[in-house]
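Written below as structure tokens is the structure these notes are about.
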Amino acid sequence: MIKKNKSAPPAKSEVKKIHQQAIEVAVPPVALIKRREPLPEEIPKHPAEDPGAPARIKAILDNPSSRRSDQDLDFLSSSSVRGIRIGLDYLKPELGLQDHGIGATVVVFGSTRICEPAAAHRTMHTLKAALADDPRDKELKRRLKVAERILDKSRYYDVARAFGRLVSEAAKKPGGPQCTVITGGGPGIMESANRGAYDAGAKTVGLNISLPHEQFPNPYITPGLCFNFHYFAMRKMHFLQRAKALVAFPGGFGTFDELFEALTLVQTRKMKPIPVVLVGQSYWRSAVNFDFLVAEGVVAPEDLELFWFAETAKEIWDGILHWYDKSGAPLSAV
């Protein structure tokens, strides 16, 4: 009779079974996201233990100190957190522009009051009718004169729209300058430039600013590319950070502010020179006596070389392209 060898190795099936049991023992159970039994801090103190507890807990939770800092609007709007707000005011648009692949931009400024010709005609006819009913009304006469001037300048709405379309169509051509139209996001000239880009089926950006009164963006900005700023400084930074050209149409305080800020940065070479085009020579020469500034010695003659005048969309765009060609770095290569 053959004796069984007690030291013989276990069969392969036994080894596999032992190995599987070892794995099952080593893997811990998976914890559920929601606990089966709540933690003590999830249950408020019962009134039976202290009748005044619920009211005191409510008072604690209602106090602003209990709010999470990122959900405490009073805290976030306080003067002590201004530095953080400035950073956020810059960061959100920056990330949004990056997500949409916005690189080089062409900035367009101009009056919010210069509407499209059809709207300007309607306003003028309405005022004429009102003045016919009350010919002695001095305020109506003043408003009618203004309406006539706005009607005359409404041609710039069409120029800005055509320019926005030119820039955007060029970006679609193989090897063309990859520029995106960017404006202040409001009505008037800003609307028309965004509208031209919209006509071309291109992305276009609007940088709004929060104001004490309610306002709306123009309807031609690409959804996802309309940003609302708290600080003018951060808005200006984003205007110029990617700018390859700045085009200023007739406008008021806001247009002057943006234009002369950019001219100052280029004049001092704090910013690398870019093309600056003033559209409507008669308007700009009447609004600002540039030659007087030179004669008075407050600016240098060469400072008048920082910008030039144009009248049509083609003149603006051709001038910008020529500026880059002359600089030795075509816009398509920038």
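The way I read the labels, and the way they are meant: chains A, B, ... in the order of the structure tokens, residue 1 as the first residue of every chain, and ligand 1 as the first ligand shown, with later ones counted on from there.
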Problem - Who sits within 12 Å of Ala55 of chain A, only C-alpha atoms, same chain under 6 positions skipped, as a PyMOL selection string - result: chain A and resi 44-47+61-62
Put those residues in a file: C-alpha atoms, as a short mmCIF file (atom, residue, chain, number, x, y, z; two decimals), in the first residue's frame.
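To be explicit, this is the file written out as result-v1.cif:
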```
data_model
loop_
_atom_site.label_atom_id
_atom_site.label_comp_id
_atom_site.auth_asym_id
_atom_site.auth_seq_id
_atom_site.Cartn_x
_atom_site.Cartn_y
_atom_site.Cartn_z
CA PRO A 44 -28.95 69.95 16.69
CA LYS A 45 -29.32 69.96 20.43
CA HIS A 46 -32.82 68.81 21.32
CA PRO A 47 -35.17 71.29 23.03
CA LEU A 61 -26.29 80.59 12.04
CA ASP A 62 -27.98 83.87 11.06
#
```
Sorted by chain and rising residue number, list the residues of segment 172-223 of chain A at most 12 Å from segment 244-266 of chain A (counting only C-alpha atoms), each with its closest atom pair and distance in Å to one decimal, as a Markdown table.
```
| residue | atom | partner | partner_atom | distance |
| --- | --- | --- | --- | --- |
| A:Pro177 | CA | A:Lys244 | CA | 10.1 |
| A:Gln178 | CA | A:Lys244 | CA | 10.3 |
| A:Cys179 | CA | A:Lys244 | CA | 7.9 |
| A:Thr180 | CA | A:Lys244 | CA | 9.7 |
| A:Val181 | CA | A:Ala245 | CA | 10.0 |
| A:Ile182 | CA | A:Leu246 | CA | 9.7 |
| A:Thr183 | CA | A:Val247 | CA | 10.0 |
| A:Gly184 | CA | A:Gly254 | CA | 9.7 |
| A:Gly186 | CA | A:Gly254 | CA | 11.6 |
| A:Gly188 | CA | A:Gly251 | CA | 9.8 |
| A:Ile189 | CA | A:Phe249 | CA | 7.3 |
| A:Met190 | CA | A:Phe249 | CA | 9.4 |
| A:Ser192 | CA | A:Phe249 | CA | 11.2 |
| A:Ala193 | CA | A:Val247 | CA | 10.3 |
| A:Ile209 | CA | A:Gly254 | CA | 11.5 |
```
Fill in the blank from the handout: The distance between atom CA of Thr105 of chain A and atom CA of Leu278 of chain A is 17.1 Å
Practice task
For atom CA of Ile114 of chain A and atom CA of Asp318 of chain A, determine how far apart the two atoms are, in Å to one decimal place.
Solution key: 24.1 Å
Handout entry: Selected residue of minimal separation from Arg143 of chain A among A:Val159, A:Met124, A:Met271, A:Ala313, counting only C-alpha atoms
Key =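 With only C-alpha atoms as the atom set, the closest residue is A:Met124.
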Practice task
Work out how far apart atom CA of Ala243 of chain A and atom CA of Pro174 of chain A are and give it in Å to one decimal.
Solution key: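 Between these atoms lies a distance of 21.1 Å.
When only C-alpha atoms are used to compute distances to Asp152 of chain A, the closest of the residues A:Gly224, A:Pro54, A:Pro273, A:Pro117 turns out to be A:Pro117.
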Problem - Selected residue, from A:Ile320, A:Ala200, A:Ala129, A:Val205, that lies nearest to Ala171 of chain A when counting only C-alpha atoms - result: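 Nearest candidate to Ala171 of chain A out of A:Ile320, A:Ala200, A:Ala129, A:Val205: A:Ala200.
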Can I get the residues of segment 12-91 of chain A within 8 Å of segment 226-234 of chain A, each with the closest pair of atoms and their distance in Å to one decimal, using only C-alpha atoms, sorted chain first then ascending number, as JSON lines?
```
{"residue": "A:Ile86", "atom": "CA", "partner": "A:Tyr231", "partner_atom": "CA", "distance": 7.2}
{"residue": "A:Asp89", "atom": "CA", "partner": "A:Phe229", "partner_atom": "CA", "distance": 6.1}
{"residue": "A:Tyr90", "atom": "CA", "partner": "A:Met234", "partner_atom": "CA", "distance": 5.7}
```
Exercise for the section: Check segment 63-295 of chain A with DSSP on the backbone and list each residue it calls alpha helix (DSSP H), as a PyMOL selection string. Expected result: chain A and resi 73-76+82-99+117-133+138-153+155-172+189-199+232-241+253-267+281-287+290-295
Handout entry: Option closest in space to Gly319 of chain A, from A:Val108, A:Leu95, A:Val279, A:Val299 [counting only C-alpha atoms]
Key =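 Between A:Val108, A:Leu95, A:Val279, A:Val299, the residue approaching Gly319 of chain A most closely is A:Val279.
Residue nearest Asp199 of chain A, chosen from A:Thr222, A:Gln215, A:Ser79, A:Thr123 and counting only C-alpha atoms: A:Thr222.
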Exercise for the section: Could you check which of A:Val106, A:Ile274, A:Leu211, A:Ala48 is closest to Ala197 of chain A, using only C-alpha atoms? Expected result: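 For Ala197 of chain A, the nearest of the given residues is A:Val106.
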Handout entry: Contact residues around Leu76 of chain A with only C-alpha atoms at 12 Å, ignoring same-chain residues under 6 positions, as a ChimeraX atom specification
Key = /A:64,67-70,82-86,88
